[in-house]
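This is query-v4.tsv (TSV, C-alpha atoms).
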```
chain	number	residue	atom	x	y	z
A	1	MET	CA	-243.97	-69.85	43.74
A	2	LEU	CA	-244.36	-72.97	45.85
A	3	THR	CA	-242.48	-76.07	44.79
A	4	LYS	CA	-244.58	-79.16	45.51
A	5	LYS	CA	-243.24	-82.68	45.92
A	6	VAL	CA	-244.50	-85.14	43.35
A	7	PRO	CA	-245.92	-88.40	44.78
A	8	TRP	CA	-244.39	-91.53	43.22
A	9	ARG	CA	-247.66	-92.45	41.49
A	10	THR	CA	-247.77	-89.05	39.85
A	11	PHE	CA	-244.11	-89.40	38.90
A	12	LEU	CA	-244.79	-92.77	37.23
A	13	LEU	CA	-247.73	-91.29	35.33
A	14	ALA	CA	-245.62	-88.34	34.21
A	15	SER	CA	-242.83	-90.73	33.20
A	16	ASN	CA	-245.21	-92.69	30.98
A	17	VAL	CA	-246.46	-89.50	29.35
A	18	PHE	CA	-242.92	-88.25	28.71
A	19	CYS	CA	-241.86	-91.61	27.30
A	20	GLY	CA	-244.87	-91.54	24.97
A	21	LEU	CA	-243.66	-88.18	23.69
A	22	GLY	CA	-240.13	-89.46	23.15
A	23	PHE	CA	-238.55	-88.21	26.36
A	24	SER	CA	-237.04	-90.31	29.11
A	25	PRO	CA	-237.38	-89.34	32.78
A	26	LEU	CA	-233.67	-90.17	33.06
A	27	MET	CA	-232.85	-87.41	30.57
A	28	ALA	CA	-234.32	-84.50	32.47
A	29	GLN	CA	-235.38	-83.44	35.94
A	30	VAL	CA	-239.12	-83.09	36.52
A	31	ASN	CA	-240.20	-80.10	38.60
A	32	LEU	CA	-243.78	-79.22	39.49
A	33	LYS	CA	-244.37	-75.64	40.60
A	34	SER	CA	-247.75	-74.12	41.33
A	35	ARG	CA	-249.55	-71.52	43.39
A	36	ALA	CA	-252.49	-73.89	43.73
A	37	SER	CA	-253.58	-75.15	47.11
A	38	GLU	CA	-255.25	-78.13	45.40
A	39	LEU	CA	-254.66	-79.76	42.00
A	40	ILE	CA	-256.81	-82.63	40.72
A	41	ILE	CA	-255.83	-84.36	37.48
A	42	THR	CA	-258.29	-86.86	36.02
A	43	GLY	CA	-258.68	-88.57	32.68
A	44	ARG	CA	-261.07	-90.73	30.71
A	45	THR	CA	-261.08	-92.90	27.61
A	46	HIS	CA	-264.33	-94.20	26.14
A	47	THR	CA	-263.89	-96.81	23.40
A	48	GLN	CA	-267.00	-97.64	21.39
A	49	PHE	CA	-268.12	-100.32	18.95
A	50	ASN	CA	-271.36	-99.59	17.12
A	51	THR	CA	-273.46	-100.98	14.28
A	52	THR	CA	-276.23	-99.57	12.10
A	53	SER	CA	-279.01	-101.20	10.10
A	54	VAL	CA	-279.24	-98.28	7.62
A	55	ASP	CA	-278.53	-99.34	4.03
A	56	GLY	CA	-275.47	-97.77	2.45
A	57	GLU	CA	-273.68	-97.23	5.76
A	58	MET	CA	-270.70	-99.14	7.14
A	59	GLY	CA	-272.12	-102.03	9.08
A	60	SER	CA	-269.89	-101.53	12.12
A	61	GLU	CA	-267.00	-99.47	13.44
A	62	PHE	CA	-264.68	-99.03	16.40
A	63	LEU	CA	-263.87	-95.49	17.57
A	64	LEU	CA	-262.34	-93.58	20.44
A	65	ARG	CA	-265.49	-91.74	21.48
A	66	ARG	CA	-263.68	-89.63	24.08
A	67	THR	CA	-260.12	-89.32	25.33
A	68	ARG	CA	-259.76	-86.47	27.80
A	69	LEU	CA	-257.40	-85.15	30.42
A	70	SER	CA	-258.82	-82.74	32.98
A	71	ALA	CA	-257.02	-80.42	35.38
A	72	GLU	CA	-259.10	-78.86	38.16
A	73	VAL	CA	-257.20	-76.24	40.15
A	74	LYS	CA	-258.17	-74.55	43.39
A	75	VAL	CA	-255.92	-71.56	44.17
A	76	ASN	CA	-257.80	-70.55	47.32
A	77	ASP	CA	-261.36	-70.41	48.64
A	78	LEU	CA	-262.21	-67.75	46.05
A	79	VAL	CA	-260.34	-68.70	42.88
A	80	SER	CA	-260.53	-72.02	41.04
A	81	GLY	CA	-260.75	-73.25	37.46
A	82	LYS	CA	-260.71	-76.14	35.04
A	83	ILE	CA	-259.15	-77.06	31.70
A	84	GLN	CA	-260.24	-80.14	29.76
A	85	PRO	CA	-259.00	-80.96	26.24
A	86	ASP	CA	-260.41	-83.89	24.25
A	87	PHE	CA	-258.41	-86.06	21.83
A	88	GLY	CA	-261.24	-88.39	20.80
A	89	GLY	CA	-262.65	-88.89	17.33
A	90	GLY	CA	-259.31	-88.31	15.63
A	91	LYS	CA	-259.22	-84.59	16.42
A	92	ILE	CA	-258.27	-82.24	19.24
A	93	SER	CA	-260.86	-79.93	20.78
A	94	LEU	CA	-261.34	-78.03	24.01
A	95	LYS	CA	-264.23	-78.96	26.26
A	96	ASP	CA	-264.18	-77.07	29.57
A	97	ALA	CA	-261.93	-74.04	30.12
A	98	TYR	CA	-262.94	-71.54	32.77
A	99	LEU	CA	-262.16	-69.42	35.82
A	100	ARG	CA	-264.54	-69.69	38.77
A	101	LEU	CA	-264.94	-67.20	41.61
A	102	SER	CA	-266.75	-68.71	44.61
A	103	PHE	CA	-267.89	-65.80	46.74
A	104	SER	CA	-270.14	-68.07	48.82
A	105	PRO	CA	-272.08	-71.34	48.40
A	106	SER	CA	-275.03	-69.24	47.25
A	107	PHE	CA	-273.14	-67.20	44.64
A	108	ARG	CA	-270.45	-68.25	42.18
A	109	VAL	CA	-269.33	-66.68	38.91
A	110	THR	CA	-267.81	-68.78	36.11
A	111	SER	CA	-266.16	-67.21	33.07
A	112	GLY	CA	-264.98	-69.16	30.03
A	113	GLN	CA	-266.28	-72.22	28.19
A	114	PHE	CA	-268.74	-74.47	30.02
A	115	LYS	CA	-272.07	-76.25	29.67
A	116	ARG	CA	-275.10	-74.01	29.36
A	117	ALA	CA	-277.66	-74.10	32.16
A	118	PHE	CA	-280.50	-76.01	30.53
A	119	ASP	CA	-281.46	-79.70	30.62
A	120	ILE	CA	-280.29	-82.38	33.01
A	121	PHE	CA	-279.27	-84.88	30.31
A	122	GLU	CA	-276.65	-82.55	28.84
A	123	LEU	CA	-275.43	-81.31	32.22
A	124	THR	CA	-274.66	-84.88	33.33
A	125	SER	CA	-271.01	-85.84	32.82
A	126	SER	CA	-270.25	-88.36	30.08
A	127	THR	CA	-268.76	-90.56	32.82
A	128	GLN	CA	-272.17	-90.67	34.55
A	129	THR	CA	-274.72	-90.77	31.72
A	130	LEU	CA	-277.09	-93.71	32.03
A	131	VAL	CA	-277.10	-94.42	28.27
A	132	ILE	CA	-274.10	-94.60	25.92
A	133	GLU	CA	-275.26	-91.86	23.52
A	134	ARG	CA	-277.44	-89.02	24.79
A	135	ALA	CA	-279.02	-88.44	21.36
A	136	GLY	CA	-279.17	-92.07	20.21
A	137	ASP	CA	-276.91	-91.52	17.18
A	138	ILE	CA	-277.81	-94.21	14.65
A	139	ARG	CA	-275.53	-93.64	11.67
A	140	GLY	CA	-277.26	-92.89	8.36
A	141	ILE	CA	-280.62	-91.62	9.68
A	142	SER	CA	-281.66	-88.13	8.53
A	143	THR	CA	-285.42	-88.03	9.04
A	144	CYS	CA	-285.76	-85.24	11.64
A	145	SER	CA	-286.67	-81.89	10.04
A	146	GLY	CA	-284.22	-79.26	11.23
A	147	PRO	CA	-281.87	-80.99	13.69
A	148	GLY	CA	-281.32	-83.94	11.35
A	149	ASN	CA	-280.61	-87.57	12.28
A	150	LEU	CA	-283.40	-88.83	14.55
A	151	CYS	CA	-285.79	-86.77	16.68
A	152	SER	CA	-284.54	-87.54	20.18
A	153	TYR	CA	-284.64	-85.20	23.17
A	154	SER	CA	-280.92	-84.42	23.17
A	155	ARG	CA	-280.83	-84.09	19.38
A	156	PHE	CA	-283.13	-81.06	19.67
A	157	THR	CA	-281.26	-79.41	22.54
A	158	GLU	CA	-277.78	-79.98	21.08
A	159	SER	CA	-278.41	-79.27	17.38
A	160	LEU	CA	-280.62	-76.22	18.02
A	161	GLY	CA	-278.05	-74.70	20.39
A	162	TYR	CA	-280.18	-74.67	23.52
A	163	SER	CA	-277.70	-76.78	25.52
A	164	ASP	CA	-274.14	-78.13	25.41
A	165	ARG	CA	-270.99	-76.01	25.72
A	166	ASP	CA	-270.64	-72.33	24.88
A	167	ILE	CA	-268.45	-69.35	25.80
A	168	GLY	CA	-269.65	-66.72	28.27
A	169	VAL	CA	-270.40	-66.21	31.94
A	170	LEU	CA	-272.40	-68.36	34.37
A	171	PHE	CA	-273.94	-67.42	37.73
A	172	ASP	CA	-274.95	-70.25	40.05
A	173	GLY	CA	-275.29	-71.30	43.67
A	174	THR	CA	-277.42	-72.99	46.31
A	175	LEU	CA	-279.76	-70.85	48.36
A	176	ARG	CA	-279.83	-71.53	52.06
A	177	THR	CA	-283.62	-71.46	52.05
A	178	LYS	CA	-284.75	-75.04	51.34
A	179	ASN	CA	-281.51	-75.79	49.43
A	180	VAL	CA	-282.87	-74.50	46.14
A	181	ASN	CA	-280.10	-74.33	43.52
A	182	TYR	CA	-280.04	-72.01	40.53
A	183	SER	CA	-277.91	-71.35	37.46
A	184	PHE	CA	-278.11	-68.63	34.81
A	185	ALA	CA	-275.79	-68.25	31.82
A	186	ILE	CA	-275.12	-65.53	29.23
A	187	THR	CA	-273.18	-66.88	26.24
A	188	ASN	CA	-272.29	-66.14	22.63
A	189	GLY	CA	-274.58	-68.83	21.25
A	190	SER	CA	-272.05	-69.98	18.64
A	191	GLY	CA	-271.06	-73.12	20.54
A	192	ALA	CA	-267.79	-74.50	21.85
A	193	ASN	CA	-264.51	-73.24	20.40
A	194	LYS	CA	-266.27	-70.82	18.05
A	195	LYS	CA	-266.22	-67.04	17.73
A	196	GLU	CA	-269.33	-64.88	18.09
A	197	ASN	CA	-271.13	-64.82	14.72
A	198	SER	CA	-274.15	-62.57	15.21
A	199	GLY	CA	-273.44	-59.99	17.91
A	200	GLY	CA	-276.46	-61.14	19.91
A	201	LYS	CA	-276.33	-63.21	23.07
A	202	SER	CA	-277.94	-66.44	24.23
A	203	PHE	CA	-279.41	-67.06	27.68
A	204	SER	CA	-280.17	-70.19	29.67
A	205	GLY	CA	-281.23	-70.95	33.20
A	206	ARG	CA	-282.67	-73.54	35.55
A	207	LEU	CA	-283.86	-73.92	39.13
A	208	GLY	CA	-283.58	-77.07	41.22
A	209	PHE	CA	-286.24	-77.71	43.85
A	210	PRO	CA	-285.60	-80.69	46.19
A	211	VAL	CA	-289.04	-82.27	46.57
A	212	SER	CA	-287.60	-84.95	48.86
A	213	ASP	CA	-284.24	-86.50	49.72
A	214	LYS	CA	-284.29	-88.45	46.43
A	215	LEU	CA	-286.48	-86.35	44.10
A	216	THR	CA	-285.55	-83.02	42.46
A	217	LEU	CA	-287.74	-80.94	40.13
A	218	SER	CA	-286.02	-78.46	37.80
A	219	PRO	CA	-287.82	-76.04	35.44
A	220	ASN	CA	-285.56	-74.62	32.73
A	221	PHE	CA	-285.44	-72.26	29.75
A	222	SER	CA	-283.06	-71.34	26.94
A	223	VAL	CA	-282.91	-68.48	24.42
A	224	HIS	CA	-280.67	-68.99	21.37
A	225	ASP	CA	-279.76	-66.20	18.97
A	226	TYR	CA	-279.34	-67.15	15.31
A	227	LEU	CA	-279.25	-65.68	11.81
A	228	ASN	CA	-282.58	-66.28	10.11
A	229	SER	CA	-281.65	-67.39	6.57
A	230	VAL	CA	-285.04	-66.45	5.09
A	231	VAL	CA	-285.30	-62.84	6.29
A	232	SER	CA	-281.50	-62.37	6.70
A	233	LYS	CA	-281.89	-60.93	10.19
A	234	ASN	CA	-280.88	-62.00	13.68
A	235	ARG	CA	-283.68	-63.73	15.56
A	236	ASN	CA	-284.10	-65.59	18.87
A	237	GLY	CA	-285.29	-69.14	19.34
A	238	PHE	CA	-286.98	-70.06	22.63
A	239	ALA	CA	-287.13	-73.38	24.48
A	240	TRP	CA	-288.53	-74.23	27.88
A	241	GLY	CA	-289.45	-77.27	29.94
A	242	ALA	CA	-288.72	-79.17	33.13
A	243	ASP	CA	-286.99	-82.32	34.28
A	244	LEU	CA	-287.19	-84.69	37.24
A	245	GLU	CA	-284.51	-86.85	38.82
A	246	TRP	CA	-285.04	-89.62	41.36
A	247	GLY	CA	-281.95	-91.09	42.97
A	248	GLY	CA	-278.39	-90.39	41.90
A	249	TYR	CA	-275.32	-91.84	40.24
A	250	GLY	CA	-273.35	-94.21	42.45
A	251	ASN	CA	-276.30	-95.05	44.69
A	252	PRO	CA	-277.83	-98.52	44.61
A	253	GLY	CA	-281.50	-98.85	43.70
A	254	VAL	CA	-283.70	-96.93	41.27
A	255	HIS	CA	-282.30	-94.00	39.28
A	256	MET	CA	-284.78	-92.16	37.07
A	257	LYS	CA	-284.43	-89.09	34.85
A	258	THR	CA	-287.31	-87.59	32.89
A	259	GLY	CA	-287.67	-84.38	30.94
A	260	MET	CA	-290.08	-82.51	28.68
A	261	ILE	CA	-289.25	-79.54	26.43
A	262	PHE	CA	-291.05	-77.30	23.95
A	263	GLY	CA	-289.66	-74.62	21.69
A	264	ASP	CA	-288.71	-73.14	18.35
A	265	ASN	CA	-287.17	-75.40	15.73
A	266	TRP	CA	-285.31	-72.52	14.08
A	267	LYS	CA	-283.55	-74.82	11.63
A	268	ASN	CA	-286.94	-75.64	10.10
A	269	LEU	CA	-288.31	-72.34	8.71
A	270	ASN	CA	-291.39	-71.73	6.57
A	271	VAL	CA	-291.49	-69.36	3.56
A	272	GLU	CA	-292.07	-66.41	5.91
A	273	GLY	CA	-289.05	-67.28	8.04
A	274	LYS	CA	-291.04	-68.53	11.02
A	275	PRO	CA	-289.66	-71.58	12.84
A	276	SER	CA	-291.76	-74.67	13.43
A	277	LYS	CA	-292.63	-75.63	17.00
A	278	PHE	CA	-290.99	-78.75	18.39
A	279	ARG	CA	-291.72	-80.82	21.47
A	280	SER	CA	-289.97	-83.76	23.05
A	281	PHE	CA	-290.19	-86.09	26.03
A	282	GLN	CA	-287.59	-88.46	27.46
A	283	ALA	CA	-287.48	-90.89	30.36
A	284	ILE	CA	-284.59	-93.11	31.47
A	285	LEU	CA	-285.09	-95.70	34.18
A	286	ALA	CA	-282.21	-97.71	35.64
A	287	TYR	CA	-281.80	-100.05	38.58
A	288	ARG	CA	-278.36	-100.47	40.16
A	289	GLN	CA	-277.88	-103.75	42.02
A	290	SER	CA	-274.95	-104.25	44.38
A	291	ILE	CA	-272.89	-107.41	43.91
A	292	SER	CA	-271.82	-108.79	47.26
A	293	ASN	CA	-268.71	-110.89	47.86
A	294	ASN	CA	-267.25	-109.99	44.46
A	295	ALA	CA	-263.88	-108.26	44.29
A	296	LEU	CA	-264.19	-107.50	40.56
A	297	VAL	CA	-267.70	-106.10	40.06
A	298	GLU	CA	-269.42	-103.54	42.32
A	299	PHE	CA	-272.77	-103.15	40.56
A	300	VAL	CA	-274.82	-104.32	37.61
A	301	GLU	CA	-277.39	-101.99	36.10
A	302	PRO	CA	-280.16	-102.77	33.58
A	303	LEU	CA	-281.85	-99.72	32.04
A	304	VAL	CA	-284.47	-98.58	29.56
A	305	ARG	CA	-284.98	-95.28	27.74
A	306	VAL	CA	-287.93	-93.84	25.81
A	307	SER	CA	-287.36	-90.60	23.88
A	308	TRP	CA	-290.12	-89.15	21.69
A	309	GLY	CA	-289.74	-86.08	19.53
A	310	ASP	CA	-291.87	-84.03	17.13
A	311	PRO	CA	-289.99	-81.44	15.01
A	312	ASP	CA	-293.12	-79.72	13.66
A	313	ARG	CA	-296.43	-79.69	15.54
A	314	ASN	CA	-298.29	-78.61	12.36
A	315	VAL	CA	-297.23	-81.71	10.44
A	316	SER	CA	-298.58	-85.11	11.45
A	317	ASN	CA	-296.21	-88.03	11.99
A	318	ALA	CA	-293.12	-85.85	11.47
A	319	GLY	CA	-291.23	-87.26	14.44
A	320	GLY	CA	-290.80	-90.64	16.01
A	321	MET	CA	-289.67	-92.69	18.98
A	322	LEU	CA	-286.19	-93.71	20.14
A	323	SER	CA	-286.06	-96.63	22.54
A	324	THR	CA	-283.00	-98.02	24.29
A	325	PHE	CA	-282.42	-101.20	26.24
A	326	GLY	CA	-279.11	-101.45	28.05
A	327	PHE	CA	-276.99	-103.21	30.62
A	328	VAL	CA	-273.98	-101.80	32.49
A	329	THR	CA	-271.34	-103.65	34.49
A	330	HIS	CA	-269.62	-101.37	37.03
A	331	PHE	CA	-266.15	-102.41	38.18
A	332	VAL	CA	-264.92	-99.62	40.45
A	333	GLY	CA	-265.74	-95.92	40.48
A	334	ARG	CA	-266.63	-94.79	36.95
A	335	ASN	CA	-264.88	-97.71	35.24
A	336	LYS	CA	-267.45	-99.86	33.49
A	337	ILE	CA	-268.62	-101.60	30.32
A	338	ALA	CA	-272.03	-100.85	28.80
A	339	VAL	CA	-274.12	-102.34	26.03
A	340	ASN	CA	-277.09	-100.52	24.45
A	341	ILE	CA	-279.57	-101.42	21.73
A	342	ASP	CA	-281.02	-98.22	20.21
A	343	THR	CA	-284.14	-98.53	18.05
A	344	TRP	CA	-285.67	-95.72	15.99
A	345	ASN	CA	-289.33	-95.94	15.01
A	346	PRO	CA	-290.23	-93.05	12.66
A	347	GLY	CA	-293.72	-91.61	12.67
A	348	LEU	CA	-294.12	-92.15	8.93
A	349	THR	CA	-294.98	-95.80	8.30
A	350	SER	CA	-293.31	-95.62	4.88
A	351	LEU	CA	-289.93	-95.34	6.58
A	352	PRO	CA	-288.27	-98.45	8.04
A	353	THR	CA	-287.43	-99.01	11.70
A	354	GLU	CA	-283.67	-98.80	12.24
A	355	PHE	CA	-281.46	-99.97	15.08
A	356	SER	CA	-277.91	-99.81	16.42
A	357	LEU	CA	-276.00	-102.09	18.78
A	358	LYS	CA	-273.39	-100.28	20.87
A	359	PHE	CA	-270.68	-101.50	23.24
A	360	GLN	CA	-268.62	-98.96	25.16
A	361	SER	CA	-265.82	-99.31	27.69
A	362	TYR	CA	-265.21	-96.53	30.21
A	363	PHE	CA	-261.76	-96.02	31.75
A	364	HIS	CA	-261.57	-93.25	34.33
A	365	PHE	CA	-258.93	-92.20	36.85
```

Reformat the file's structure so that it appears as structure tokens.
Amino acid sequence: MLTKKVPWRTFLLASNVFCGLGFSPLMAQVNLKSRASELIITGRTHTQFNTTSVDGEMGSEFLLRRTRLSAEVKVNDLVSGKIQPDFGGGKISLKDAYLRLSFSPSFRVTSGQFKRAFDIFELTSSTQTLVIERAGDIRGISTCSGPGNLCSYSRFTESLGYSDRDIGVLFDGTLRTKNVNYSFAITNGSGANKKENSGGKSFSGRLGFPVSDKLTLSPNFSVHDYLNSVVSKNRNGFAWGADLEWGGYGNPGVHMKTGMIFGDNWKNLNVEGKPSKFRSFQAILAYRQSISNNALVEFVEPLVRVSWGDPDRNVSNAGGMLSTFGFVTHFVGRNKIAVNIDTWNPGLTSLPTEFSLKFQSYFHF
């Protein structure tokens, strides 16, 4: 074992943590021992205020949307890993927890719990998402057949199990030829922190083709195994699509993300047990403007999102449109305050248009 000296900033942080738990740094000696050649500890707290126009729901609420500590450890050039618990929402859950073997830049193997290799919106860290809520999340709406809530792009991918975290193994890397990156995952399909429930396996994958220095095109697919409740047998749902990204987080100027997906809405079965076919499109456009001669604010960023979804292509006006207008003030790094107005326009004219105002603060270290 190697005993590593603790920098004074780390000691102060540890002291605050111990004091919060009822221990004083004067009562005990703090030793940090590790075989790691590199240890990175980060954390985030996202505090949200939101409203809803839906009748019968609480008009507004404050909540701790996320509170996470993350430890990323590099033992050597081959072995590394990450552990990230979350204390937000009044409960404790595990987000990322994995071992990674980096044989070369073109071939890595990750084993544990991680994000599946599907769409760009889910793969983007919550500290770097352009909008506050990926799926929109207007409390009290339940008009989308199958996934529930509203028919946004991320609502389909998350609720139908085509994206988000799962347990399994991931293969990824960047090919030397034209810098094409790839990722392919084999997972249980049950989701994060859950045991296998069917014996089958889910698959997901994507390729990233750099069209130019700023533009990347990524086709993707996902196969999710599930228990068909009508025929009482294990079946597979399929989803496929592609996404585009122009620009990148942290860079001034235009940042655009668009995606289109098609697939099986396996939570919406007919009398024969066949899933309906869903389709969805989403585009987010933001413009980050640098603020010169200001020691407090680095950037301001207006943005707009359009997310359209149809849960059943055989039924007219079954889906609807989610639109978002937002503004973000960036202080330093990933510390910022954002405001979004989410509006849901259902396809059926008999249903009312609903909206939600959201404020969220982002603290990150």

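From CA of His364 in chain A back to CA of Gly136 in chain A, the distance works out to 22.6 Å.
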
* Residue neighbourhood Thr353 in chain A, 8 Å, all atoms listed in the file, exclusion window fewer than 4 positions, as a ChimeraX atom specification -> /A:343-346

Counting all atoms listed in the file, I want the residues whose atoms come within 10 Å of (-270.3, -71.2, 48.5) in the file frame, returned as a compact mmCIF listing (two decimals) with C-alpha atoms, in the coordinates of the input.
```
# COMPACT_ATOMS: atom_id res chain seq x y z
CA ASP A 77 -261.36 -70.41 48.64
CA LEU A 78 -262.21 -67.75 46.05
CA LEU A 101 -264.94 -67.20 41.61
CA SER A 102 -266.75 -68.71 44.61
CA PHE A 103 -267.89 -65.80 46.74
CA SER A 104 -270.14 -68.07 48.82
CA PRO A 105 -272.08 -71.34 48.40
CA SER A 106 -275.03 -69.24 47.25
CA PHE A 107 -273.14 -67.20 44.64
CA ARG A 108 -270.45 -68.25 42.18
CA ASP A 172 -274.95 -70.25 40.05
CA GLY A 173 -275.29 -71.30 43.67
CA THR A 174 -277.42 -72.99 46.31
CA LEU A 175 -279.76 -70.85 48.36
```

* To do: Please identify all polymer residues within 7 Å of range 185-202 of chain A, counting all atoms listed in the file, omitting same-chain residues fewer than 4 positions from it, and present them as a list in words.
  => Leu94, Gln113, Arg116, Ala117, Gly161, Arg165, Asp166, Ile167, Gly168, Val169, Leu170, Phe171, Val223, His224, Asp225, Tyr226, Leu227 and Asn234 of chain A

* **Near-range 262-278 of chain A list (6 Å; only C-alpha atoms; drop same-chain fewer than 6 positions) as an NGL selection string** => :A and (146 or 230 or 237-240 or 310-313)

Where is the centre and how long are the edges: axis-aligned box on range 283-290 of chain A, 8 Å on each side, Å to one decimal, as JSON:
```
{"center_x": -281.2, "center_y": -97.6, "center_z": 37.4, "size_x": 28.5, "size_y": 29.4, "size_z": 30.0}
```

* Asked: Which neighbours of Ile291 in chain A fall inside 10 Å, counting only C-alpha atoms, when residues of the same chain fewer than 5 positions from it are skipped, and could you give them as a PyMOL selection string?
  -> chain A and resi 296-300+330

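Counting all atoms listed in the file, the residue from A:Ser350, A:Phe49, A:Ser125, A:Gly140 that sits nearest to Glu61 in chain A is A:Phe49.
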
* To do: Would you be able to write out as a ChimeraX atom specification which residues have an atom within 6 Å of (-262.9, -76.7, 30.0) in the file's coordinates, counting only C-alpha atoms?
  => /A:82-84,95-98,113

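Using all atoms listed in the file, the shortest contact distance between Arg279 in chain A and any of A:Thr51, A:Asn228, A:Thr157, A:Ser356 is found at A:Thr157.
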